file final_10.txt (compact mmCIF, N, CA and C atoms)
# COMPACT_ATOMS: atom_id res chain seq x y z
N ILE A 264 177.59 104.89 64.65
CA ILE A 264 176.86 105.80 63.78
C ILE A 264 175.35 105.72 64.10
N VAL A 265 174.86 104.50 64.31
CA VAL A 265 173.43 104.34 64.59
C VAL A 265 173.07 105.01 65.92
N VAL A 266 173.94 104.85 66.92
CA VAL A 266 173.68 105.47 68.23
C VAL A 266 173.69 106.98 68.10
N GLY A 267 174.61 107.53 67.32
CA GLY A 267 174.66 108.97 67.11
C GLY A 267 173.41 109.50 66.44
N VAL A 268 172.94 108.78 65.43
CA VAL A 268 171.71 109.18 64.75
C VAL A 268 170.53 109.12 65.71
N LEU A 269 170.48 108.08 66.55
CA LEU A 269 169.40 107.97 67.52
C LEU A 269 169.45 109.11 68.54
N ILE A 270 170.64 109.45 69.01
CA ILE A 270 170.76 110.52 70.00
C ILE A 270 170.33 111.86 69.41
N VAL A 271 170.75 112.13 68.19
CA VAL A 271 170.40 113.41 67.57
C VAL A 271 168.94 113.41 67.10
N GLY A 272 168.46 112.29 66.56
CA GLY A 272 167.14 112.25 65.97
C GLY A 272 166.01 111.94 66.93
N LEU A 273 166.33 111.44 68.13
CA LEU A 273 165.28 111.05 69.06
C LEU A 273 164.34 112.19 69.43
N PRO A 274 164.82 113.38 69.73
CA PRO A 274 163.85 114.45 70.06
C PRO A 274 162.92 114.79 68.91
N PHE A 275 163.38 114.60 67.68
CA PHE A 275 162.52 114.90 66.54
C PHE A 275 161.61 113.73 66.19
N LEU A 276 162.09 112.52 66.42
CA LEU A 276 161.32 111.34 66.04
C LEU A 276 160.37 110.88 67.14
N LEU A 277 160.58 111.29 68.39
CA LEU A 277 159.76 110.81 69.48
C LEU A 277 158.28 111.15 69.32
N PRO A 278 157.91 112.38 68.93
CA PRO A 278 156.48 112.64 68.72
C PRO A 278 155.88 111.76 67.62
N ILE A 279 156.65 111.49 66.58
CA ILE A 279 156.15 110.63 65.51
C ILE A 279 155.94 109.21 66.03
N VAL A 280 156.90 108.72 66.84
CA VAL A 280 156.77 107.39 67.42
C VAL A 280 155.55 107.32 68.35
N VAL A 281 155.33 108.37 69.13
CA VAL A 281 154.18 108.39 70.04
C VAL A 281 152.87 108.39 69.26
N VAL A 282 152.78 109.16 68.19
CA VAL A 282 151.56 109.20 67.38
C VAL A 282 151.34 107.85 66.71
N LEU A 283 152.40 107.25 66.19
CA LEU A 283 152.25 105.93 65.56
C LEU A 283 151.83 104.87 66.58
N ALA A 284 152.43 104.91 67.76
CA ALA A 284 152.09 103.94 68.80
C ALA A 284 150.64 104.12 69.26
N SER A 285 150.21 105.36 69.44
CA SER A 285 148.82 105.59 69.86
C SER A 285 147.85 105.21 68.76
N SER A 286 148.23 105.40 67.49
CA SER A 286 147.38 104.96 66.38
C SER A 286 147.28 103.44 66.36
N LEU A 287 148.39 102.77 66.63
CA LEU A 287 148.38 101.31 66.66
C LEU A 287 147.51 100.79 67.80
N VAL A 288 147.59 101.44 68.96
CA VAL A 288 146.75 101.04 70.09
C VAL A 288 145.27 101.29 69.78
N GLY A 289 144.97 102.41 69.15
CA GLY A 289 143.59 102.70 68.78
C GLY A 289 143.04 101.72 67.77
N MET A 290 143.83 101.39 66.76
CA MET A 290 143.40 100.42 65.76
C MET A 290 143.20 99.03 66.36
N SER A 291 144.11 98.65 67.26
CA SER A 291 143.96 97.34 67.89
C SER A 291 142.73 97.32 68.80
N GLY A 292 142.42 98.44 69.43
CA GLY A 292 141.20 98.53 70.23
C GLY A 292 139.95 98.36 69.38
N ILE A 293 139.96 98.95 68.20
CA ILE A 293 138.83 98.79 67.28
C ILE A 293 138.69 97.34 66.83
N LEU A 294 139.84 96.70 66.53
CA LEU A 294 139.80 95.30 66.11
C LEU A 294 139.31 94.39 67.23
N VAL A 295 139.73 94.68 68.46
CA VAL A 295 139.26 93.89 69.60
C VAL A 295 137.76 94.08 69.78
N ALA A 296 137.29 95.31 69.63
CA ALA A 296 135.84 95.56 69.75
C ALA A 296 135.06 94.84 68.66
N LEU A 297 135.60 94.81 67.45
CA LEU A 297 134.93 94.07 66.38
C LEU A 297 134.92 92.58 66.66
N TYR A 298 136.03 92.04 67.16
CA TYR A 298 136.09 90.62 67.49
C TYR A 298 135.15 90.30 68.65
N ALA A 299 135.06 91.20 69.61
CA ALA A 299 134.20 90.97 70.77
C ALA A 299 132.72 91.02 70.39
N SER A 300 132.40 91.57 69.22
CA SER A 300 131.00 91.61 68.80
C SER A 300 130.55 90.30 68.17
N THR A 301 131.49 89.39 67.87
CA THR A 301 131.10 88.08 67.34
C THR A 301 130.77 87.14 68.50
N GLU A 302 130.14 86.01 68.19
CA GLU A 302 129.75 85.08 69.25
C GLU A 302 130.97 84.46 69.93
N SER A 303 131.95 84.05 69.14
CA SER A 303 133.15 83.46 69.76
C SER A 303 133.93 84.52 70.53
N GLY A 304 133.92 85.75 70.03
CA GLY A 304 134.60 86.83 70.74
C GLY A 304 133.94 87.14 72.07
N ARG A 305 132.59 87.12 72.10
CA ARG A 305 131.88 87.36 73.36
C ARG A 305 132.20 86.27 74.38
N ASN A 306 132.27 85.03 73.93
CA ASN A 306 132.63 83.94 74.84
C ASN A 306 134.05 84.11 75.38
N TYR A 307 134.97 84.47 74.50
CA TYR A 307 136.37 84.64 74.92
C TYR A 307 136.51 85.81 75.89
N VAL A 308 135.91 86.94 75.56
CA VAL A 308 135.98 88.12 76.42
C VAL A 308 135.24 87.87 77.73
N GLY A 309 134.12 87.17 77.65
CA GLY A 309 133.37 86.85 78.87
C GLY A 309 134.17 85.99 79.83
N ASN A 310 134.88 85.00 79.29
CA ASN A 310 135.72 84.16 80.15
C ASN A 310 136.87 84.95 80.75
N GLY A 311 137.41 85.89 80.00
CA GLY A 311 138.53 86.69 80.51
C GLY A 311 138.11 87.71 81.55
N LEU A 312 136.91 88.25 81.39
CA LEU A 312 136.46 89.30 82.32
C LEU A 312 135.66 88.77 83.50
N SER A 313 135.37 87.49 83.52
CA SER A 313 134.53 86.96 84.61
C SER A 313 135.16 87.14 85.99
N PRO A 314 136.48 87.01 86.20
CA PRO A 314 137.01 87.28 87.54
C PRO A 314 136.80 88.74 87.98
N LEU A 315 136.95 89.68 87.05
CA LEU A 315 136.74 91.09 87.39
C LEU A 315 135.28 91.35 87.72
N VAL A 316 134.38 90.80 86.92
CA VAL A 316 132.94 90.98 87.18
C VAL A 316 132.57 90.35 88.51
N HIS A 317 133.09 89.17 88.80
CA HIS A 317 132.80 88.51 90.07
C HIS A 317 133.31 89.34 91.24
N THR A 318 134.50 89.92 91.11
CA THR A 318 135.05 90.75 92.17
C THR A 318 134.19 91.98 92.42
N ILE A 319 133.75 92.61 91.35
CA ILE A 319 132.93 93.82 91.50
C ILE A 319 131.56 93.47 92.09
N LEU A 320 130.96 92.38 91.62
CA LEU A 320 129.62 92.04 92.10
C LEU A 320 129.61 91.47 93.51
N SER A 321 130.77 91.09 94.04
CA SER A 321 130.81 90.54 95.39
C SER A 321 130.99 91.62 96.46
N THR A 322 131.11 92.88 96.06
CA THR A 322 131.24 93.96 97.03
C THR A 322 129.97 94.81 97.04
N ALA A 323 129.77 95.49 98.14
CA ALA A 323 128.57 96.34 98.26
C ALA A 323 128.61 97.50 97.26
N SER A 324 129.79 98.11 97.07
CA SER A 324 129.90 99.21 96.11
C SER A 324 129.63 98.74 94.70
N GLY A 325 130.16 97.57 94.35
CA GLY A 325 129.93 97.03 93.02
C GLY A 325 128.48 96.70 92.77
N GLN A 326 127.79 96.17 93.78
CA GLN A 326 126.37 95.86 93.62
C GLN A 326 125.55 97.13 93.46
N ARG A 327 125.91 98.17 94.19
CA ARG A 327 125.20 99.45 94.03
C ARG A 327 125.49 100.06 92.67
N LEU A 328 126.68 99.78 92.12
CA LEU A 328 127.02 100.31 90.80
C LEU A 328 126.21 99.62 89.70
N VAL A 329 126.06 98.31 89.79
CA VAL A 329 125.40 97.54 88.74
C VAL A 329 123.88 97.51 88.94
N TYR A 330 123.44 97.22 90.16
CA TYR A 330 122.01 97.11 90.44
C TYR A 330 121.54 98.37 91.16
N GLU A 331 120.26 98.61 91.13
CA GLU A 331 119.71 99.76 91.84
C GLU A 331 119.35 99.34 93.25
N THR A 332 120.34 99.27 94.12
CA THR A 332 120.12 98.83 95.50
C THR A 332 120.39 99.95 96.49
N GLY A 333 120.42 101.16 96.04
CA GLY A 333 120.68 102.29 96.93
C GLY A 333 121.39 103.39 96.17
N PRO A 334 121.99 104.31 96.88
CA PRO A 334 122.68 105.41 96.20
C PRO A 334 123.89 104.90 95.42
N ARG A 335 124.18 105.57 94.34
CA ARG A 335 125.32 105.19 93.51
C ARG A 335 126.62 105.35 94.29
N PRO A 336 127.57 104.46 94.08
CA PRO A 336 128.86 104.59 94.76
C PRO A 336 129.69 105.71 94.16
N THR A 337 130.60 106.23 94.95
CA THR A 337 131.48 107.27 94.46
C THR A 337 132.58 106.64 93.60
N PRO A 338 133.22 107.42 92.74
CA PRO A 338 134.34 106.88 91.95
C PRO A 338 135.46 106.34 92.84
N VAL A 339 135.66 106.95 94.00
CA VAL A 339 136.72 106.49 94.90
C VAL A 339 136.40 105.10 95.45
N SER A 340 135.14 104.86 95.81
CA SER A 340 134.80 103.55 96.34
C SER A 340 134.90 102.47 95.27
N VAL A 341 134.59 102.80 94.03
CA VAL A 341 134.76 101.83 92.95
C VAL A 341 136.24 101.58 92.69
N ALA A 342 137.06 102.63 92.75
CA ALA A 342 138.50 102.47 92.53
C ALA A 342 139.13 101.64 93.65
N ARG A 343 138.62 101.76 94.87
CA ARG A 343 139.16 100.97 95.98
C ARG A 343 138.95 99.47 95.77
N ILE A 344 137.93 99.11 95.02
CA ILE A 344 137.67 97.69 94.77
C ILE A 344 138.78 97.08 93.92
N VAL A 345 139.19 97.79 92.88
CA VAL A 345 140.11 97.19 91.91
C VAL A 345 141.58 97.52 92.16
N LEU A 346 141.86 98.54 92.96
CA LEU A 346 143.26 98.90 93.21
C LEU A 346 143.88 97.98 94.25
N PRO A 347 145.18 97.76 94.18
CA PRO A 347 145.83 96.83 95.12
C PRO A 347 145.88 97.38 96.54
N LYS A 348 145.97 96.47 97.49
CA LYS A 348 146.04 96.86 98.90
C LYS A 348 147.44 96.70 99.47
N ASP A 349 148.28 95.86 98.84
CA ASP A 349 149.63 95.62 99.36
C ASP A 349 150.58 96.72 98.90
N LEU A 350 151.71 96.83 99.58
CA LEU A 350 152.66 97.92 99.31
C LEU A 350 153.27 97.84 97.93
N MET A 351 153.67 96.64 97.48
CA MET A 351 154.29 96.51 96.17
C MET A 351 153.30 96.84 95.06
N GLY A 352 152.06 96.42 95.20
CA GLY A 352 151.04 96.75 94.22
C GLY A 352 150.77 98.25 94.16
N LYS A 353 150.73 98.88 95.34
CA LYS A 353 150.53 100.34 95.37
C LYS A 353 151.71 101.06 94.73
N LEU A 354 152.92 100.55 94.94
CA LEU A 354 154.09 101.17 94.33
C LEU A 354 154.01 101.09 92.81
N ILE A 355 153.67 99.93 92.29
CA ILE A 355 153.59 99.76 90.84
C ILE A 355 152.50 100.65 90.25
N VAL A 356 151.33 100.70 90.89
CA VAL A 356 150.24 101.55 90.38
C VAL A 356 150.63 103.02 90.48
N SER A 357 151.31 103.41 91.55
CA SER A 357 151.75 104.80 91.70
C SER A 357 152.74 105.19 90.61
N LEU A 358 153.66 104.28 90.29
CA LEU A 358 154.61 104.55 89.22
C LEU A 358 153.91 104.66 87.87
N LEU A 359 152.90 103.82 87.63
CA LEU A 359 152.14 103.91 86.39
C LEU A 359 151.35 105.22 86.31
N ILE A 360 150.78 105.64 87.44
CA ILE A 360 150.06 106.92 87.48
C ILE A 360 151.01 108.07 87.14
N ASP A 361 152.21 108.04 87.73
CA ASP A 361 153.18 109.09 87.46
C ASP A 361 153.68 109.03 86.02
N LEU A 362 153.84 107.84 85.47
CA LEU A 362 154.27 107.69 84.09
C LEU A 362 153.24 108.27 83.13
N ILE A 363 151.98 107.99 83.39
CA ILE A 363 150.92 108.55 82.54
C ILE A 363 150.88 110.07 82.66
N GLY A 364 151.02 110.58 83.87
CA GLY A 364 151.01 112.03 84.06
C GLY A 364 152.20 112.72 83.42
N SER A 365 153.34 112.07 83.45
CA SER A 365 154.54 112.67 82.85
C SER A 365 154.59 112.50 81.35
N SER A 366 153.84 111.56 80.80
CA SER A 366 153.89 111.33 79.35
C SER A 366 153.26 112.47 78.57
N SER A 367 152.57 113.37 79.23
CA SER A 367 151.98 114.50 78.51
C SER A 367 153.04 115.45 77.98
N TYR A 368 154.26 115.35 78.49
CA TYR A 368 155.33 116.20 77.99
C TYR A 368 155.81 115.77 76.61
N LEU A 369 155.44 114.57 76.18
CA LEU A 369 155.90 114.08 74.88
C LEU A 369 155.21 114.76 73.72
N LEU A 370 153.98 115.19 73.90
CA LEU A 370 153.24 115.86 72.84
C LEU A 370 153.18 117.35 73.15
N PRO A 371 153.83 118.18 72.34
CA PRO A 371 154.04 119.58 72.69
C PRO A 371 152.79 120.38 73.04
N PHE A 372 151.78 120.45 72.20
CA PHE A 372 150.64 121.34 72.48
C PHE A 372 149.43 120.60 73.02
N VAL A 373 149.37 119.32 72.79
CA VAL A 373 148.25 118.51 73.24
C VAL A 373 148.42 118.15 74.71
N GLY A 374 149.65 118.18 75.20
CA GLY A 374 149.96 117.73 76.55
C GLY A 374 149.22 118.47 77.65
N GLU A 375 149.05 119.77 77.50
CA GLU A 375 148.35 120.54 78.54
C GLU A 375 146.89 120.14 78.62
N GLY A 376 146.27 119.84 77.50
CA GLY A 376 144.89 119.36 77.52
C GLY A 376 144.79 117.98 78.17
N LEU A 377 145.79 117.15 77.92
CA LEU A 377 145.81 115.83 78.56
C LEU A 377 145.97 115.97 80.07
N ASP A 378 146.77 116.94 80.50
CA ASP A 378 146.92 117.18 81.94
C ASP A 378 145.60 117.57 82.58
N LEU A 379 144.82 118.40 81.89
CA LEU A 379 143.52 118.81 82.44
C LEU A 379 142.57 117.62 82.56
N ALA A 380 142.67 116.69 81.63
CA ALA A 380 141.81 115.51 81.69
C ALA A 380 142.33 114.48 82.69
N TRP A 381 143.64 114.39 82.84
CA TRP A 381 144.23 113.35 83.69
C TRP A 381 144.20 113.74 85.17
N ALA A 382 144.23 115.01 85.50
CA ALA A 382 144.33 115.46 86.90
C ALA A 382 143.19 114.92 87.77
N PRO A 383 141.92 115.00 87.38
CA PRO A 383 140.87 114.44 88.25
C PRO A 383 140.96 112.92 88.39
N THR A 384 141.32 112.23 87.30
CA THR A 384 141.45 110.78 87.36
C THR A 384 142.58 110.38 88.30
N GLN A 385 143.71 111.09 88.20
CA GLN A 385 144.84 110.81 89.08
C GLN A 385 144.46 111.07 90.53
N THR A 386 143.72 112.13 90.79
CA THR A 386 143.32 112.45 92.15
C THR A 386 142.40 111.37 92.72
N ILE A 387 141.49 110.86 91.91
CA ILE A 387 140.61 109.78 92.38
C ILE A 387 141.42 108.55 92.74
N LEU A 388 142.38 108.19 91.89
CA LEU A 388 143.21 107.01 92.16
C LEU A 388 144.06 107.19 93.41
N ILE A 389 144.63 108.39 93.58
CA ILE A 389 145.45 108.67 94.78
C ILE A 389 144.57 108.65 96.02
N MET A 390 143.36 109.20 95.93
CA MET A 390 142.44 109.17 97.08
C MET A 390 142.10 107.74 97.46
N ALA A 391 141.86 106.90 96.46
CA ALA A 391 141.47 105.52 96.73
C ALA A 391 142.60 104.75 97.41
N MET A 392 143.84 105.06 97.07
CA MET A 392 144.95 104.29 97.64
C MET A 392 145.50 104.87 98.94
N TYR A 393 145.56 106.21 99.05
CA TYR A 393 146.32 106.80 100.15
C TYR A 393 145.54 107.73 101.05
N ASP A 394 144.21 107.85 100.89
CA ASP A 394 143.46 108.82 101.68
C ASP A 394 143.43 108.48 103.16
N THR A 395 143.48 107.21 103.51
CA THR A 395 143.47 106.84 104.92
C THR A 395 144.81 107.09 105.59
N VAL A 396 145.89 107.04 104.81
CA VAL A 396 147.24 107.22 105.36
C VAL A 396 147.66 108.68 105.33
N THR A 397 147.49 109.33 104.16
CA THR A 397 147.91 110.72 103.98
C THR A 397 146.78 111.48 103.29
N PRO A 398 145.87 112.07 104.07
CA PRO A 398 144.70 112.71 103.46
C PRO A 398 145.03 113.92 102.58
N SER A 399 146.13 114.61 102.83
CA SER A 399 146.45 115.80 102.04
C SER A 399 147.16 115.49 100.73
N LEU A 400 147.50 114.23 100.50
CA LEU A 400 148.23 113.87 99.28
C LEU A 400 147.40 114.11 98.03
N LYS A 401 146.08 114.01 98.13
CA LYS A 401 145.23 114.23 96.96
C LYS A 401 145.32 115.66 96.46
N TYR A 402 145.48 116.62 97.38
CA TYR A 402 145.60 118.01 96.97
C TYR A 402 146.93 118.26 96.28
N VAL A 403 147.99 117.70 96.82
CA VAL A 403 149.32 117.84 96.22
C VAL A 403 149.32 117.22 94.83
N SER A 404 148.71 116.06 94.69
CA SER A 404 148.65 115.38 93.40
C SER A 404 147.87 116.20 92.38
N PHE A 405 146.74 116.75 92.78
CA PHE A 405 145.93 117.53 91.84
C PHE A 405 146.65 118.80 91.41
N VAL A 406 147.25 119.52 92.35
CA VAL A 406 147.95 120.76 92.00
C VAL A 406 149.17 120.45 91.13
N GLU A 407 149.88 119.36 91.44
CA GLU A 407 151.06 119.00 90.65
C GLU A 407 150.68 118.71 89.20
N GLU A 408 149.54 118.12 88.98
CA GLU A 408 149.12 117.77 87.64
C GLU A 408 148.54 118.98 86.90
N MET A 409 147.95 119.91 87.62
CA MET A 409 147.33 121.07 86.96
C MET A 409 148.34 122.15 86.60
N LEU A 410 149.43 122.25 87.36
CA LEU A 410 150.43 123.28 87.05
C LEU A 410 151.17 122.91 85.75
N PRO A 411 151.55 123.92 84.97
CA PRO A 411 152.28 123.62 83.73
C PRO A 411 153.69 123.11 83.96

call {"tool": "encode", "arguments": {"input": "final_10.txt", "output": "structure tokens"}}
result
Amino acid sequence: IVVGVLIVGLPFLLPIVVVLASSLVGMSGILVALYASTESGRNYVGNGLSPLVHTILSTASGQRLVYETGPRPTPVSVARIVLPKDLMGKLIVSLLIDLIGSSSYLLPFVGEGLDLAWAPTQTILIMAMYDTVTPSLKYVSFVEEMLP
């Protein structure tokens, strides 16, 4: 009986679950920001983010991003710093990119606006990972995300 109710009710309940989950993520983000504004929170967040900051500051693009040492880096060069270089990492990030792009179908009228916002971001990430191997993939990715 429970499985039957879930099968019949899932299409109606899924938007509600998505809205509740996104509200929970938003509220937790606010709570994390409030905690990070305290002294102990700054220490905790600083210790957690120090490997990322060190990675960014050890590259030429990251130094140009943080300090005024020349022209600003492009979004693609910044994305190349943090995106994985190995095949398994690229596969996982590609699947996450596709999952985010496909999740716009869950919200009926808001989804098209999310596609318009996600398409440039997806194209930058695809360019950062695959532009040296398949230069035309960025165009396919952008058109795929912009079409309804």

call {"tool": "closest_residue", "arguments": {"input": "final_10.txt", "among": "A:Ala342, A:Leu312, A:Ile389, A:Leu369", "to": "Ile279 (chain A)", "atoms": "only N, CA and C atoms"}}
result
A:Leu369

call {"tool": "closest_residue", "arguments": {"input": "final_10.txt", "among": "A:Gly292, A:Gly304, A:Pro278, A:Pro383", "to": "Phe405 (chain A)", "atoms": "only N, CA and C atoms"}}
result
A:Pro383

call {"tool": "residues_near_point", "arguments": {"input": "final_10.txt", "point": "(147.6, 114.0, 89.7)", "cutoff": "7 Å", "atoms": "all atoms listed in the file", "output": "PDB file with N, CA and C atoms, in the frame of the given file"}}
result
ATOM      1  N   GLY A 364     151.020 110.580  83.870  1.00  0.00           N
ATOM      2  CA  GLY A 364     151.010 112.030  84.060  1.00  0.00           C
ATOM      3  C   GLY A 364     152.200 112.720  83.420  1.00  0.00           C
ATOM      4  N   TRP A 381     143.640 114.390  82.840  1.00  0.00           N
ATOM      5  CA  TRP A 381     144.230 113.350  83.690  1.00  0.00           C
ATOM      6  C   TRP A 381     144.200 113.740  85.170  1.00  0.00           C
ATOM      7  N   ALA A 382     144.230 115.010  85.500  1.00  0.00           N
ATOM      8  CA  ALA A 382     144.330 115.460  86.900  1.00  0.00           C
ATOM      9  C   ALA A 382     143.190 114.920  87.770  1.00  0.00           C
ATOM     10  N   PRO A 383     141.920 115.000  87.380  1.00  0.00           N
ATOM     11  CA  PRO A 383     140.870 114.440  88.250  1.00  0.00           C
ATOM     12  C   PRO A 383     140.960 112.920  88.390  1.00  0.00           C
ATOM     13  N   THR A 384     141.320 112.230  87.300  1.00  0.00           N
ATOM     14  CA  THR A 384     141.450 110.780  87.360  1.00  0.00           C
ATOM     15  C   THR A 384     142.580 110.380  88.300  1.00  0.00           C
ATOM     16  N   GLN A 385     143.710 111.090  88.200  1.00  0.00           N
ATOM     17  CA  GLN A 385     144.840 110.810  89.080  1.00  0.00           C
ATOM     18  C   GLN A 385     144.460 111.070  90.530  1.00  0.00           C
ATOM     19  N   THR A 386     143.720 112.130  90.790  1.00  0.00           N
ATOM     20  CA  THR A 386     143.320 112.450  92.150  1.00  0.00           C
ATOM     21  C   THR A 386     142.400 111.370  92.720  1.00  0.00           C
ATOM     22  N   VAL A 403     147.990 117.700  96.820  1.00  0.00           N
ATOM     23  CA  VAL A 403     149.320 117.840  96.220  1.00  0.00           C
ATOM     24  C   VAL A 403     149.320 117.220  94.830  1.00  0.00           C
ATOM     25  N   SER A 404     148.710 116.060  94.690  1.00  0.00           N
ATOM     26  CA  SER A 404     148.650 115.380  93.400  1.00  0.00           C
ATOM     27  C   SER A 404     147.870 116.200  92.380  1.00  0.00           C
ATOM     28  N   PHE A 405     146.740 116.750  92.780  1.00  0.00           N
ATOM     29  CA  PHE A 405     145.930 117.530  91.840  1.00  0.00           C
ATOM     30  C   PHE A 405     146.650 118.800  91.410  1.00  0.00           C
ATOM     31  N   VAL A 406     147.250 119.520  92.350  1.00  0.00           N
ATOM     32  CA  VAL A 406     147.950 120.760  92.000  1.00  0.00           C
ATOM     33  C   VAL A 406     149.170 120.450  91.130  1.00  0.00           C
ATOM     34  N   GLU A 407     149.880 119.360  91.440  1.00  0.00           N
ATOM     35  CA  GLU A 407     151.060 119.000  90.650  1.00  0.00           C
ATOM     36  C   GLU A 407     150.680 118.710  89.200  1.00  0.00           C
ATOM     37  N   GLU A 408     149.540 118.120  88.980  1.00  0.00           N
ATOM     38  CA  GLU A 408     149.120 117.770  87.640  1.00  0.00           C
ATOM     39  C   GLU A 408     148.540 118.980  86.900  1.00  0.00           C
ATOM     40  N   MET A 409     147.950 119.910  87.620  1.00  0.00           N
ATOM     41  CA  MET A 409     147.330 121.070  86.960  1.00  0.00           C
ATOM     42  C   MET A 409     148.340 122.150  86.600  1.00  0.00           C
TER      43      MET A 409
END

call {"tool": "atom_distance", "arguments": {"input": "final_10.txt", "atom1": "atom N of Pro371 (chain A)", "atom2": "atom N of Ile387 (chain A)"}}
result
24.3 Å

call {"tool": "residues_around", "arguments": {"input": "final_10.txt", "residues": "Gly325 (chain A)", "least_positions_apart": "4", "cutoff": "8 Å", "atoms": "only N, CA and C atoms", "output": "compact mmCIF listing (two decimals) with N, CA and C atoms, in the frame of the given file"}}
result
# COMPACT_ATOMS: atom_id res chain seq x y z
N THR A 318 134.50 89.92 91.11
CA THR A 318 135.05 90.75 92.17
C THR A 318 134.19 91.98 92.42
N ILE A 319 133.75 92.61 91.35
CA ILE A 319 132.93 93.82 91.50
C ILE A 319 131.56 93.47 92.09
N LEU A 320 130.96 92.38 91.62
CA LEU A 320 129.62 92.04 92.10
C LEU A 320 129.61 91.47 93.51
N SER A 321 130.77 91.09 94.04
CA SER A 321 130.81 90.54 95.39
C SER A 321 130.99 91.62 96.46
N VAL A 329 126.06 98.31 89.79
CA VAL A 329 125.40 97.54 88.74
C VAL A 329 123.88 97.51 88.94
N TYR A 330 123.44 97.22 90.16
CA TYR A 330 122.01 97.11 90.44
C TYR A 330 121.54 98.37 91.16
N PRO A 336 127.57 104.46 94.08
CA PRO A 336 128.86 104.59 94.76
C PRO A 336 129.69 105.71 94.16
N SER A 340 135.14 104.86 95.81
CA SER A 340 134.80 103.55 96.34
C SER A 340 134.90 102.47 95.27
N VAL A 341 134.59 102.80 94.03
CA VAL A 341 134.76 101.83 92.95
C VAL A 341 136.24 101.58 92.69
N ILE A 344 137.93 99.11 95.02
CA ILE A 344 137.67 97.69 94.77
C ILE A 344 138.78 97.08 93.92

call {"tool": "select_by_dssp", "arguments": {"input": "final_10.txt", "residues": "region 349-403 of chain A", "states": "alpha helix (DSSP H)", "output": "NGL selection string"}}
result
:A and (350-365 or 374-393 or 400-403)

call {"tool": "residues_around", "arguments": {"input": "final_10.txt", "residues": "Ser357 (chain A)", "least_positions_apart": "4", "cutoff": "9 Å", "atoms": "only C-alpha atoms", "output": "VMD selection string"}}
result
chain A and resid 352 to 353 361 to 362 388 to 389

call {"tool": "atom_distance", "arguments": {"input": "final_10.txt", "atom1": "CA of Val280 (chain A)", "atom2": "atom C of Leu370 (chain A)"}}
result
12.0 Å

call {"tool": "closest_residue", "arguments": {"input": "final_10.txt", "among": "A:Val268, A:Leu410, A:Ala391, A:Leu328", "to": "Leu379 (chain A)", "atoms": "only C-alpha atoms"}}
result
A:Leu410

call {"tool": "build_atoms", "arguments": {"input": "final_10.txt", "residues": "region 342-352 of chain A", "atoms": "N, CA, C and O atoms", "output": "compact mmCIF listing (two decimals), in the frame of the given file"}}
result
# COMPACT_ATOMS: atom_id res chain seq x y z
N ALA A 342 137.06 102.63 92.75
CA ALA A 342 138.50 102.47 92.53
C ALA A 342 139.13 101.64 93.65
O ALA A 342 140.06 100.87 93.41
N ARG A 343 138.62 101.76 94.87
CA ARG A 343 139.16 100.97 95.98
C ARG A 343 138.95 99.47 95.77
O ARG A 343 139.71 98.66 96.30
N ILE A 344 137.93 99.11 95.02
CA ILE A 344 137.67 97.69 94.77
C ILE A 344 138.78 97.08 93.92
O ILE A 344 139.25 95.99 94.20
N VAL A 345 139.19 97.79 92.88
CA VAL A 345 140.11 97.19 91.91
C VAL A 345 141.58 97.52 92.16
O VAL A 345 142.45 96.85 91.62
N LEU A 346 141.86 98.54 92.96
CA LEU A 346 143.26 98.90 93.21
C LEU A 346 143.88 97.98 94.25
O LEU A 346 143.18 97.48 95.14
N PRO A 347 145.18 97.76 94.18
CA PRO A 347 145.83 96.83 95.12
C PRO A 347 145.88 97.38 96.54
O PRO A 347 145.87 98.60 96.75
N LYS A 348 145.97 96.47 97.49
CA LYS A 348 146.04 96.86 98.90
C LYS A 348 147.44 96.70 99.47
O LYS A 348 147.78 97.31 100.46
N ASP A 349 148.28 95.86 98.84
CA ASP A 349 149.63 95.62 99.36
C ASP A 349 150.58 96.72 98.90
O ASP A 349 150.30 97.47 97.98
N LEU A 350 151.71 96.83 99.58
CA LEU A 350 152.66 97.92 99.31
C LEU A 350 153.27 97.84 97.93
O LEU A 350 153.41 98.86 97.24
N MET A 351 153.67 96.64 97.48
CA MET A 351 154.29 96.51 96.17
C MET A 351 153.30 96.84 95.06
O MET A 351 153.65 97.51 94.08
N GLY A 352 152.06 96.42 95.20
CA GLY A 352 151.04 96.75 94.22
C GLY A 352 150.77 98.25 94.16
O GLY A 352 150.63 98.83 93.08
